[in-house]
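This is start_22.pdb (PDB, C-alpha atoms).
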ATOM      1  CA  MET A   1     124.729  97.872 107.631
ATOM      2  CA  PHE A   2     121.636  95.769 106.940
ATOM      3  CA  GLY A   3     120.930  92.246 108.080
ATOM      4  CA  SER A   4     119.347  89.941 105.537
ATOM      5  CA  ASN A   5     117.260  86.803 105.390
ATOM      6  CA  THR A   6     117.662  84.020 102.829
ATOM      7  CA  ARG A   7     115.054  85.313 100.391
ATOM      8  CA  PHE A   8     115.770  87.607  97.487
ATOM      9  CA  GLY A   9     113.217  90.373  97.151
ATOM     10  CA  GLY A  10     112.698  90.679 100.885
ATOM     11  CA  ARG A  11     115.418  91.592 103.339
ATOM     12  CA  LEU A  12     115.112  92.403 107.004
ATOM     13  CA  ILE A  13     116.506  95.563 108.506
ATOM     14  CA  ARG A  14     117.034  95.640 112.243
ATOM     15  CA  ILE A  15     115.309  98.633 113.784
ATOM     16  CA  SER A  16     118.225  99.208 116.165
ATOM     17  CA  SER A  17     120.598  99.708 113.213
ATOM     18  CA  ILE A  18     118.295 102.425 111.879
ATOM     19  CA  LEU A  19     118.021 104.143 115.214
ATOM     20  CA  LYS A  20     121.547 103.928 116.523
ATOM     21  CA  HIS A  21     122.541 107.349 115.187
ATOM     22  CA  GLU A  22     119.261 108.988 116.189
ATOM     23  CA  ARG A  23     117.979 110.144 119.554
ATOM     24  CA  PHE A  24     115.042 108.004 120.605
ATOM     25  CA  SER A  25     113.931 107.116 124.089
ATOM     26  CA  SER A  26     114.414 103.547 125.237
ATOM     27  CA  LYS A  27     110.639 103.238 125.397
ATOM     28  CA  GLN A  28     110.287 104.235 121.733
ATOM     29  CA  VAL A  29     112.862 101.666 120.714
ATOM     30  CA  ALA A  30     111.264  98.967 122.840
ATOM     31  CA  GLU A  31     107.866  99.640 121.315
ATOM     32  CA  SER A  32     109.279  99.304 117.786
ATOM     33  CA  ALA A  33     109.115  95.968 115.990
ATOM     34  CA  ASP A  34     112.364  93.995 116.117
ATOM     35  CA  TYR A  35     112.622  93.876 112.356
ATOM     36  CA  LEU A  36     111.233  95.908 109.499
ATOM     37  CA  PRO A  37     110.933  93.994 106.177
ATOM     38  CA  ILE A  38     112.461  95.928 103.317
ATOM     39  CA  THR A  39     113.185  95.438  99.641
ATOM     40  CA  SER A  40     114.754  97.435  96.832
ATOM     41  CA  PHE A  41     113.044 100.005  94.651
ATOM     42  CA  GLY A  42     115.835 100.749  92.224
ATOM     43  CA  PHE A  43     118.779 101.750  94.379
ATOM     44  CA  LYS A  44     116.519 102.775  97.263
ATOM     45  CA  GLU A  45     115.643 100.599 100.234
ATOM     46  CA  VAL A  46     111.894 100.754 100.919
ATOM     47  CA  GLU A  47     109.457  98.884 103.126
ATOM     48  CA  LYS A  48     108.064  95.849 101.343
ATOM     49  CA  GLU A  49     104.486  97.023 101.768
ATOM     50  CA  GLU A  50     105.343 100.246  99.914
ATOM     51  CA  LYS A  51     106.984  98.778  96.818
ATOM     52  CA  GLU A  52     103.859  97.438  95.133
ATOM     53  CA  GLY A  53     102.262 100.875  95.079
ATOM     54  CA  MET A  54     105.479 102.524  93.910
ATOM     55  CA  VAL A  55     105.868 100.083  91.009
ATOM     56  CA  ARG A  56     102.186 100.478  90.167
ATOM     57  CA  GLU A  57     102.694 104.241  89.907
ATOM     58  CA  VAL A  58     105.694 103.795  87.598
ATOM     59  CA  PHE A  59     103.750 101.636  85.144
ATOM     60  CA  LEU A  60     100.689 103.861  85.357
ATOM     61  CA  LYS A  61     102.931 106.618  84.004
ATOM     62  CA  VAL A  62     104.752 104.596  81.355
ATOM     63  CA  ALA A  63     101.797 102.546  80.053
ATOM     64  CA  PRO A  64     100.808 104.848  77.140
ATOM     65  CA  THR A  65     104.349 104.901  75.672
ATOM     66  CA  TYR A  66     105.633 101.558  76.967
ATOM     67  CA  ASP A  67     105.908  99.728  73.645
ATOM     68  CA  LEU A  68     107.233 102.784  71.807
ATOM     69  CA  MET A  69     109.935 103.263  74.443
ATOM     70  CA  ASN A  70     110.902  99.585  74.228
ATOM     71  CA  ASP A  71     111.475  99.998  70.502
ATOM     72  CA  ILE A  72     113.508 103.162  70.948
ATOM     73  CA  MET A  73     115.584 102.059  73.956
ATOM     74  CA  SER A  74     116.551  98.716  72.407
ATOM     75  CA  ALA A  75     116.643  99.886  68.766
ATOM     76  CA  GLY A  76     114.040  97.194  68.114
ATOM     77  CA  VAL A  77     116.194  94.366  69.481
ATOM     78  CA  HIS A  78     113.562  93.545  72.134
ATOM     79  CA  ARG A  79     111.432  92.146  69.295
ATOM     80  CA  ILE A  80     114.190  89.668  68.407
ATOM     81  CA  TRP A  81     114.519  88.656  72.070
ATOM     82  CA  LYS A  82     110.768  88.093  72.354
ATOM     83  CA  ASP A  83     110.583  86.128  69.105
ATOM     84  CA  SER A  84     113.403  83.946  70.425
ATOM     85  CA  LEU A  85     111.440  83.311  73.610
ATOM     86  CA  VAL A  86     108.255  82.391  71.743
ATOM     87  CA  SER A  87     110.203  79.954  69.567
ATOM     88  CA  LYS A  88     111.071  78.059  72.758
ATOM     89  CA  LEU A  89     107.553  77.902  74.212
ATOM     90  CA  GLY A  90     106.688  74.571  72.644
ATOM     91  CA  VAL A  91     103.072  75.484  71.906
ATOM     92  CA  PHE A  92     100.568  72.684  71.348
ATOM     93  CA  PRO A  93      96.824  72.522  70.611
ATOM     94  CA  GLY A  94      94.691  73.203  73.671
ATOM     95  CA  MET A  95      97.563  74.741  75.627
ATOM     96  CA  ILE A  96      96.817  77.204  78.423
ATOM     97  CA  HIS A  97      99.542  79.854  78.588
ATOM     98  CA  LEU A  98      99.753  82.358  81.427
ATOM     99  CA  ASP A  99     101.847  85.453  80.684
ATOM    100  CA  VAL A 100     102.453  87.441  83.866
ATOM    101  CA  ALA A 101     103.372  91.134  83.871
ATOM    102  CA  GLY A 102     102.445  91.093  80.189
ATOM    103  CA  GLY A 103      99.825  93.822  80.222
ATOM    104  CA  THR A 104     100.400  95.333  76.778
ATOM    105  CA  GLY A 105     100.223  91.897  75.164
ATOM    106  CA  ASP A 106     103.584  91.732  73.385
ATOM    107  CA  ILE A 107     104.225  88.114  74.389
ATOM    108  CA  GLY A 108     100.568  87.127  74.543
ATOM    109  CA  PHE A 109      99.913  88.165  70.936
ATOM    110  CA  ARG A 110     102.968  86.292  69.667
ATOM    111  CA  SER A 111     101.969  83.189  71.609
ATOM    112  CA  LEU A 112      98.375  83.414  70.380
ATOM    113  CA  SER A 113      99.537  83.501  66.747
ATOM    114  CA  ALA A 114     101.755  80.462  67.299
ATOM    115  CA  LEU A 115      98.993  78.605  69.138
ATOM    116  CA  ARG A 116      96.378  79.306  66.466
ATOM    117  CA  ALA A 117      98.806  78.114  63.787
ATOM    118  CA  ALA A 118      99.468  74.890  65.712
ATOM    119  CA  GLU A 119      95.752  74.271  66.166
ATOM    120  CA  ALA A 120      95.014  75.011  62.501
ATOM    121  CA  SER A 121      97.677  72.510  61.470
ATOM    122  CA  ALA A 122      96.245  69.879  63.806
ATOM    123  CA  ARG A 123      92.735  70.603  62.523
ATOM    124  CA  ASP A 124      93.808  70.264  58.898
ATOM    125  CA  SER A 125      95.274  66.849  59.591
ATOM    126  CA  SER A 126      92.197  65.558  61.416
ATOM    127  CA  SER A 127      88.725  64.542  60.303
ATOM    128  CA  HIS A 128      86.852  66.621  62.886
ATOM    129  CA  ALA A 129      84.085  68.903  61.655
ATOM    130  CA  PRO A 130      84.240  72.579  62.703
ATOM    131  CA  ASN A 131      83.546  73.046  66.447
ATOM    132  CA  LEU A 132      83.778  69.297  67.093
ATOM    133  CA  GLY A 133      87.543  69.008  67.517
ATOM    134  CA  PRO A 134      89.585  69.398  70.685
ATOM    135  CA  LYS A 135      88.910  72.455  72.841
ATOM    136  CA  PRO A 136      91.024  75.423  71.697
ATOM    137  CA  GLY A 137      93.789  76.769  73.870
ATOM    138  CA  ARG A 138      93.857  80.023  75.763
ATOM    139  CA  ILE A 139      96.305  82.802  76.509
ATOM    140  CA  ILE A 140      95.865  84.587  79.851
ATOM    141  CA  VAL A 141      97.644  87.913  80.161
ATOM    142  CA  CYS A 142      97.909  88.854  83.827
ATOM    143  CA  ASP A 143      99.193  92.171  85.138
ATOM    144  CA  ILE A 144      98.940  94.019  88.431
ATOM    145  CA  ASN A 145      98.463  97.325  86.637
ATOM    146  CA  SER A 146      95.057  97.992  85.108
ATOM    147  CA  HIS A 147      96.442 100.727  82.851
ATOM    148  CA  MET A 148      98.803  98.273  81.196
ATOM    149  CA  LEU A 149      95.891  95.872  80.657
ATOM    150  CA  VAL A 150      93.835  98.644  79.068
ATOM    151  CA  GLU A 151      96.664  99.143  76.562
ATOM    152  CA  GLY A 152      96.766  95.396  75.902
ATOM    153  CA  LYS A 153      93.033  95.168  75.279
ATOM    154  CA  ARG A 154      93.177  98.175  72.977
ATOM    155  CA  ARG A 155      95.984  96.625  70.947
ATOM    156  CA  ALA A 156      94.187  93.260  70.785
ATOM    157  CA  GLY A 157      91.214  95.026  69.240
ATOM    158  CA  GLN A 158      93.397  96.896  66.767
ATOM    159  CA  LEU A 159      95.088  93.652  65.710
ATOM    160  CA  ASP A 160      91.723  91.865  65.370
ATOM    161  CA  LEU A 161      92.707  89.181  67.876
ATOM    162  CA  THR A 162      89.512  89.161  69.927
ATOM    163  CA  ASN A 163      87.554  86.819  67.647
ATOM    164  CA  SER A 164      86.881  83.279  68.883
ATOM    165  CA  THR A 165      86.005  81.675  65.532
ATOM    166  CA  ASP A 166      87.377  81.979  62.009
ATOM    167  CA  ARG A 167      85.397  82.518  58.798
ATOM    168  CA  GLN A 168      84.847  78.782  58.401
ATOM    169  CA  GLY A 169      83.356  78.541  61.876
ATOM    170  CA  ASN A 170      86.380  76.848  63.448
ATOM    171  CA  ARG A 171      86.906  77.692  67.095
ATOM    172  CA  LEU A 172      90.083  79.651  67.743
ATOM    173  CA  ALA A 173      92.402  79.947  70.691
ATOM    174  CA  THR A 174      91.536  83.079  72.631
ATOM    175  CA  ILE A 175      93.342  85.721  74.659
ATOM    176  CA  ASN A 176      92.021  87.090  77.953
ATOM    177  CA  PHE A 177      93.262  89.841  80.246
ATOM    178  CA  LYS A 178      93.200  89.497  84.012
ATOM    179  CA  GLU A 179      94.352  91.811  86.785
ATOM    180  CA  GLY A 180      96.424  90.103  89.457
ATOM    181  CA  ASN A 181      99.547  90.079  91.614
ATOM    182  CA  ALA A 182     102.398  87.743  90.606
ATOM    183  CA  GLU A 183     102.882  86.795  94.260
ATOM    184  CA  ASN A 184      99.250  85.708  94.681
ATOM    185  CA  LEU A 185      97.827  84.908  91.271
ATOM    186  CA  PRO A 186      94.036  84.702  90.825
ATOM    187  CA  LEU A 187      94.263  81.200  89.323
ATOM    188  CA  ASP A 188      93.694  77.693  90.616
ATOM    189  CA  ASP A 189      96.488  75.311  91.505
ATOM    190  CA  GLY A 190      97.774  73.304  88.541
ATOM    191  CA  SER A 191      95.696  75.196  85.984
ATOM    192  CA  VAL A 192      98.194  76.268  83.283
ATOM    193  CA  ASP A 193     100.602  74.448  80.985
ATOM    194  CA  LEU A 194     103.032  77.303  80.495
ATOM    195  CA  TYR A 195     104.017  80.340  82.556
ATOM    196  CA  THR A 196     106.048  83.244  81.172
ATOM    197  CA  ILE A 197     107.156  86.487  82.750
ATOM    198  CA  VAL A 198     109.095  88.916  80.564
ATOM    199  CA  PHE A 199     110.889  91.930  82.020
ATOM    200  CA  GLY A 200     108.586  91.732  85.016
ATOM    201  CA  LEU A 201     110.151  89.569  87.711
ATOM    202  CA  ARG A 202     112.495  92.308  88.890
ATOM    203  CA  ASN A 203     109.492  94.519  89.641
ATOM    204  CA  VAL A 204     107.789  92.162  92.095
ATOM    205  CA  THR A 205     108.287  92.757  95.792
ATOM    206  CA  ASP A 206     109.295  89.207  96.708
ATOM    207  CA  THR A 207     110.991  87.241  93.943
ATOM    208  CA  LEU A 208     110.834  83.920  95.767
ATOM    209  CA  ALA A 209     107.137  84.308  96.558
ATOM    210  CA  ALA A 210     106.382  85.036  92.889
ATOM    211  CA  LEU A 211     108.371  81.994  91.765
ATOM    212  CA  LYS A 212     106.590  79.757  94.264
ATOM    213  CA  ASP A 213     103.215  80.979  93.023
ATOM    214  CA  ALA A 214     104.327  80.400  89.441
ATOM    215  CA  ARG A 215     105.047  76.788  90.343
ATOM    216  CA  ARG A 216     101.712  76.511  92.163
ATOM    217  CA  VAL A 217      99.608  77.416  89.107
ATOM    218  CA  LEU A 218     101.571  75.191  86.716
ATOM    219  CA  LYS A 219     100.350  71.690  85.969
ATOM    220  CA  PRO A 220     102.762  68.832  86.707
ATOM    221  CA  GLY A 221     105.189  68.878  83.780
ATOM    222  CA  GLY A 222     104.408  72.536  83.136
ATOM    223  CA  LYS A 223     107.132  74.887  81.939
ATOM    224  CA  PHE A 224     108.295  78.186  83.445
ATOM    225  CA  ILE A 225     110.179  80.756  81.337
ATOM    226  CA  CYS A 226     111.474  84.098  82.534
ATOM    227  CA  MET A 227     113.139  86.670  80.316
ATOM    228  CA  GLU A 228     114.920  89.363  82.263
ATOM    229  CA  PHE A 229     117.733  91.853  81.921
ATOM    230  CA  SER A 230     120.802  90.326  83.471
ATOM    231  CA  SER A 231     124.574  90.522  83.897
ATOM    232  CA  VAL A 232     126.650  91.273  80.782
ATOM    233  CA  ARG A 233     129.648  88.956  80.539
ATOM    234  CA  ASP A 234     131.947  90.777  78.107
ATOM    235  CA  GLU A 235     133.809  93.644  79.784
ATOM    236  CA  SER A 236     133.804  96.001  76.794
ATOM    237  CA  LEU A 237     130.117  95.416  76.124
ATOM    238  CA  ARG A 238     129.368  95.854  79.820
ATOM    239  CA  THR A 239     131.141  99.226  79.892
ATOM    240  CA  PHE A 240     129.151 100.471  76.899
ATOM    241  CA  TYR A 241     125.888  99.045  78.267
ATOM    242  CA  GLU A 242     126.343 100.727  81.654
ATOM    243  CA  ALA A 243     127.118 104.082  80.055
ATOM    244  CA  TYR A 244     124.163 103.796  77.692
ATOM    245  CA  SER A 245     121.729 102.658  80.390
ATOM    246  CA  PHE A 246     122.440 105.391  82.895
ATOM    247  CA  GLY A 247     123.374 108.123  80.436
ATOM    248  CA  MET A 248     120.730 107.715  77.743
ATOM    249  CA  ILE A 249     117.663 105.783  78.916
ATOM    250  CA  PRO A 250     116.483 108.244  81.610
ATOM    251  CA  LEU A 251     117.142 111.086  79.147
ATOM    252  CA  MET A 252     115.024 109.359  76.481
ATOM    253  CA  GLY A 253     112.335 108.848  79.097
ATOM    254  CA  GLU A 254     112.284 112.583  79.719
ATOM    255  CA  LEU A 255     112.349 113.590  76.044
ATOM    256  CA  ILE A 256     109.808 111.064  74.751
ATOM    257  CA  ALA A 257     107.603 110.162  77.716
ATOM    258  CA  GLN A 258     108.231 113.267  79.858
ATOM    259  CA  ASP A 259     109.142 110.931  82.701
ATOM    260  CA  GLU A 260     112.818 110.673  83.595
ATOM    261  CA  ARG A 261     112.279 109.292  87.110
ATOM    262  CA  SER A 262     110.364 106.185  86.039
ATOM    263  CA  TYR A 263     113.047 105.223  83.540
ATOM    264  CA  GLN A 264     115.766 105.914  86.088
ATOM    265  CA  TYR A 265     114.014 103.381  88.344
ATOM    266  CA  LEU A 266     113.806 100.834  85.522
ATOM    267  CA  VAL A 267     117.562 101.106  84.889
ATOM    268  CA  GLU A 268     118.374 100.852  88.592
ATOM    269  CA  SER A 269     116.042  97.852  89.048
ATOM    270  CA  ILE A 270     118.047  95.944  86.435
ATOM    271  CA  ARG A 271     121.248  96.452  88.417
ATOM    272  CA  MET A 272     119.611  95.269  91.638
ATOM    273  CA  PHE A 273     118.208  92.058  90.130
ATOM    274  CA  PRO A 274     119.969  88.739  90.845
ATOM    275  CA  ARG A 275     122.508  87.585  88.293
ATOM    276  CA  GLN A 276     121.984  84.493  86.166
ATOM    277  CA  VAL A 277     123.358  81.887  88.564
ATOM    278  CA  GLU A 278     121.756  83.581  91.568
ATOM    279  CA  LEU A 279     118.320  83.511  89.943
ATOM    280  CA  GLU A 280     118.777  79.828  89.132
ATOM    281  CA  GLU A 281     119.373  79.188  92.842
ATOM    282  CA  ILE A 282     116.159  81.007  93.768
ATOM    283  CA  MET A 283     114.227  79.029  91.156
ATOM    284  CA  ARG A 284     115.463  75.785  92.679
ATOM    285  CA  GLU A 285     114.506  77.036  96.124
ATOM    286  CA  ALA A 286     111.003  77.676  94.762
ATOM    287  CA  GLY A 287     110.822  74.021  93.711
ATOM    288  CA  PHE A 288     111.610  74.144  89.990
ATOM    289  CA  LYS A 289     113.553  71.309  88.366
ATOM    290  CA  CYS A 290     115.770  71.141  85.270
ATOM    291  CA  VAL A 291     116.651  74.801  85.816
ATOM    292  CA  ALA A 292     118.770  76.427  83.112
ATOM    293  CA  HIS A 293     119.488  79.774  81.474
ATOM    294  CA  GLU A 294     120.585  81.068  78.092
ATOM    295  CA  ASN A 295     122.258  84.442  77.561
ATOM    296  CA  LEU A 296     121.112  86.681  74.725
ATOM    297  CA  THR A 297     123.172  89.597  73.392
ATOM    298  CA  GLY A 298     126.084  88.736  75.651
ATOM    299  CA  GLY A 299     123.992  88.563  78.793
ATOM    300  CA  VAL A 300     122.131  91.846  78.382
ATOM    301  CA  VAL A 301     119.116  89.563  78.597
ATOM    302  CA  ALA A 302     118.856  86.013  79.935
ATOM    303  CA  LEU A 303     116.208  83.366  79.317
ATOM    304  CA  HIS A 304     115.620  81.271  82.440
ATOM    305  CA  SER A 305     113.616  78.052  82.322
ATOM    306  CA  GLY A 306     112.464  75.349  84.679
ATOM    307  CA  PHE A 307     109.743  72.750  85.127
ATOM    308  CA  ARG A 308     107.247  71.720  87.738
ATOM    309  CA  ILE A 309     107.832  67.998  88.136
TER     310      ILE A 309
END
For this file, write the structure as C-alpha cells.
Amino acid sequence: MFGSNTRFGGRLIRISSILKHERFSSKQVAESADYLPITSFGFKEVEKEEKEGMVREVFLKVAPTYDLMNDIMSAGVHRIWKDSLVSKLGVFPGMIHLDVAGGTGDIGFRSLSALRAAEASARDSSSHAPNLGPKPGRIIVCDINSHMLVEGKRRAGQLDLTNSTDRQGNRLATINFKEGNAENLPLDDGSVDLYTIVFGLRNVTDTLAALKDARRVLKPGGKFICMEFSSVRDESLRTFYEAYSFGMIPLMGELIAQDERSYQYLVESIRMFPRQVELEEIMREAGFKCVAHENLTGGVVALHSGFRI
C-alpha cells in the first residue's frame, strides 16, 4: 500500500494512494504534494512532523513513574542490562560521555560512578597535588523532554552527585543535563568520546538521521553504544514475551501510572523497531565501522556498538 524510501524512520507515502478511494477533484489532487513523509508511532502511520510532539507527550505523562515502571515491568532485570552496558563503556580519566534520551539519569549516574572511580585510581597512582592533575571527565545527559530532565536533576540531587570536588579538594567528574533532539544535537562536531542511547532510539522520528548525528558529535575513535529492545530468537520465549508485553504492560501502565495508552505505544514501538541485523545495516549507512551486536536475555534486548573511524 505504501511506497518507501531507503531510510528507516522515515517512509514516503504517495498522496495518490491515500486519495484513490476518496472523492477529490483533480485540482485538489494536483495541488497536493507528490509525497507526504510518514513514520511509525507504534502501529500507527503518522506524518513525520507530528511524531516528535506525540512522543514528547508520552514521556511527559510517564516521567514521574518512569523508573518505577521499569522496575515493575522488567522485574528489575533492566538494572542488570544497564550494568552490563556500563561494564562495556571502557571509561577512562577525562572522558566525555554523552547519554542521549537518558533524562532520568539511570545510565548517566552509573557512568559517573565508574568515571569517578577510574579518575580516583589514576589520581592515587600519580604525584599530582589536588586540582593540579588532568581535567576531570564529564557526563552529559541529553533528552528532548524537559520533564524527564527534571526527574534526572532531582535524582542527582537526592544521590548527592552534583558536587564537583571531594572532601580532600580533588576535582570530580561532573554530570550535566541538556535539552536537545537526537537528530540535531546541541553539541559541536567531534566533541565527545562516548555516545550511548538506551531504550531511546526507537522513539526518534528518523533513525538514520539520529545515527548520523551521533557519529558527527563523536571524536575520531569514539564509541557508539545503543541498547534497545529487539527480536527474541527462541520461539518459546518469544511467545511468552509477546503475550506478556501486550497483555500485561499496558494493564500495569493503567493500574500504576493511570496511563494505558502511553504504555501501549511503548510496546508497539518495540515491535516496529528494526531487528538486530537491520539496525546494523543502518549503522553502517550512517558511517559507523566495526559494527556489532550482542543479545541479552535471548534477544529481548540487544547491545549495538560501532566506532567513528
Q) Can you list, as a list in words, every protein, DNA or RNA residue that comes within 10 Å of Val198 (chain A) when you count only C-alpha atoms, leaving out same-chain residues fewer than 2 positions away? A) Lys82, Leu85, Asp99, Val100, Ala101, Gly102, Asp106, Ile107, Thr196, Gly200, Leu201, Arg202, Ile225, Cys226, Met227, Glu228, Phe229 and Leu303 of chain A
Q. Can you tell me, as a count of residues only, what residues are no more than 6 Å from Ile175 (chain A) when counting all atoms listed in the file, ignoring any on the same chain fewer than 5 positions away?
A. 3
Q. So which one's closest to Asn181 (chain A), A:Gly103, A:Val267, A:Val46, A:Glu151? Using all atoms listed in the file, please.
A. A:Gly103
Q | Test item: the PyMOL selection byres ((chain A and resi 51) around 10) resolved as a ChimeraX atom specification | A | /A:38-41,45-50,52-57,203-206
Suppose we keep C-alpha atoms; can you now write the selection as a PDB file, in the frame of the given file?
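So selection30.pdb came out as:
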ATOM      1  CA  ILE A  38     112.461  95.928 103.317  1.00  0.00           C
ATOM      2  CA  THR A  39     113.185  95.438  99.641  1.00  0.00           C
ATOM      3  CA  SER A  40     114.754  97.435  96.832  1.00  0.00           C
ATOM      4  CA  PHE A  41     113.044 100.005  94.651  1.00  0.00           C
ATOM      5  CA  GLU A  45     115.643 100.599 100.234  1.00  0.00           C
ATOM      6  CA  VAL A  46     111.894 100.754 100.919  1.00  0.00           C
ATOM      7  CA  GLU A  47     109.457  98.884 103.126  1.00  0.00           C
ATOM      8  CA  LYS A  48     108.064  95.849 101.343  1.00  0.00           C
ATOM      9  CA  GLU A  49     104.486  97.023 101.768  1.00  0.00           C
ATOM     10  CA  GLU A  50     105.343 100.246  99.914  1.00  0.00           C
ATOM     11  CA  GLU A  52     103.859  97.438  95.133  1.00  0.00           C
ATOM     12  CA  GLY A  53     102.262 100.875  95.079  1.00  0.00           C
ATOM     13  CA  MET A  54     105.479 102.524  93.910  1.00  0.00           C
ATOM     14  CA  VAL A  55     105.868 100.083  91.009  1.00  0.00           C
ATOM     15  CA  ARG A  56     102.186 100.478  90.167  1.00  0.00           C
ATOM     16  CA  GLU A  57     102.694 104.241  89.907  1.00  0.00           C
ATOM     17  CA  ASN A 203     109.492  94.519  89.641  1.00  0.00           C
ATOM     18  CA  VAL A 204     107.789  92.162  92.095  1.00  0.00           C
ATOM     19  CA  THR A 205     108.287  92.757  95.792  1.00  0.00           C
ATOM     20  CA  ASP A 206     109.295  89.207  96.708  1.00  0.00           C
TER      21      ASP A 206
END
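Taken over the whole file, the PyMOL selection byres ((chain A and resi 81) around 10) covers exactly A:Gly76, A:Val77, A:His78, A:Arg79, A:Ile80, A:Lys82, A:Asp83, A:Ser84, A:Leu85, A:Val86, A:Met227, A:Leu296, A:Thr297, A:Val301, A:Ala302, A:Leu303.
If you measure from each of A:Gly306, A:Pro64, A:Gly247, A:Gly152 to Leu218 (chain A) using all atoms listed in the file, the closest one turns out to be A:Gly306.
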Since fewer atoms than expected are present, regenerate N, CA and C atoms for region 247-266 of chain A and write them as a tab-separated table (two decimals), in the coordinates of the input.
chain	number	residue	atom	x	y	z
A	247	GLY	N	123.22	106.84	81.09
A	247	GLY	CA	123.37	108.12	80.44
A	247	GLY	C	122.27	108.47	79.46
A	248	MET	N	121.67	107.45	78.82
A	248	MET	CA	120.73	107.72	77.74
A	248	MET	C	119.28	107.36	78.07
A	249	ILE	N	119.05	106.24	78.74
A	249	ILE	CA	117.66	105.78	78.92
A	249	ILE	C	116.82	106.76	79.74
A	250	PRO	N	117.29	107.25	80.91
A	250	PRO	CA	116.48	108.24	81.61
A	250	PRO	C	116.26	109.51	80.78
A	251	LEU	N	117.28	109.90	80.00
A	251	LEU	CA	117.14	111.09	79.15
A	251	LEU	C	116.08	110.86	78.08
A	252	MET	N	116.06	109.67	77.47
A	252	MET	CA	115.02	109.36	76.48
A	252	MET	C	113.65	109.33	77.14
A	253	GLY	N	113.60	108.84	78.37
A	253	GLY	CA	112.34	108.85	79.10
A	253	GLY	C	111.79	110.26	79.28
A	254	GLU	N	112.69	111.19	79.55
A	254	GLU	CA	112.28	112.58	79.72
A	254	GLU	C	111.86	113.20	78.39
A	255	LEU	N	112.62	112.96	77.34
A	255	LEU	CA	112.35	113.59	76.04
A	255	LEU	C	111.11	113.03	75.37
A	256	ILE	N	110.89	111.71	75.49
A	256	ILE	CA	109.81	111.06	74.75
A	256	ILE	C	108.55	110.87	75.59
A	257	ALA	N	108.75	110.44	76.85
A	257	ALA	CA	107.60	110.16	77.72
A	257	ALA	C	107.40	111.21	78.80
A	258	GLN	N	108.27	112.23	78.82
A	258	GLN	CA	108.23	113.27	79.86
A	258	GLN	C	108.25	112.66	81.26
A	259	ASP	N	109.10	111.64	81.42
A	259	ASP	CA	109.14	110.93	82.70
A	259	ASP	C	110.53	110.33	82.92
A	260	GLU	N	111.46	111.15	83.35
A	260	GLU	CA	112.82	110.67	83.60
A	260	GLU	C	112.89	109.74	84.79
A	261	ARG	N	112.15	110.04	85.86
A	261	ARG	CA	112.28	109.29	87.11
A	261	ARG	C	111.87	107.84	86.96
A	262	SER	N	110.81	107.57	86.21
A	262	SER	CA	110.36	106.18	86.04
A	262	SER	C	111.41	105.37	85.30
A	263	TYR	N	112.04	105.96	84.30
A	263	TYR	CA	113.05	105.22	83.54
A	263	TYR	C	114.37	105.12	84.29
A	264	GLN	N	114.62	106.06	85.20
A	264	GLN	CA	115.77	105.91	86.09
A	264	GLN	C	115.56	104.72	87.01
A	265	TYR	N	114.33	104.56	87.52
A	265	TYR	CA	114.01	103.38	88.34
A	265	TYR	C	114.20	102.10	87.55
A	266	LEU	N	113.71	102.06	86.32
A	266	LEU	CA	113.81	100.83	85.52
A	266	LEU	C	115.26	100.43	85.30
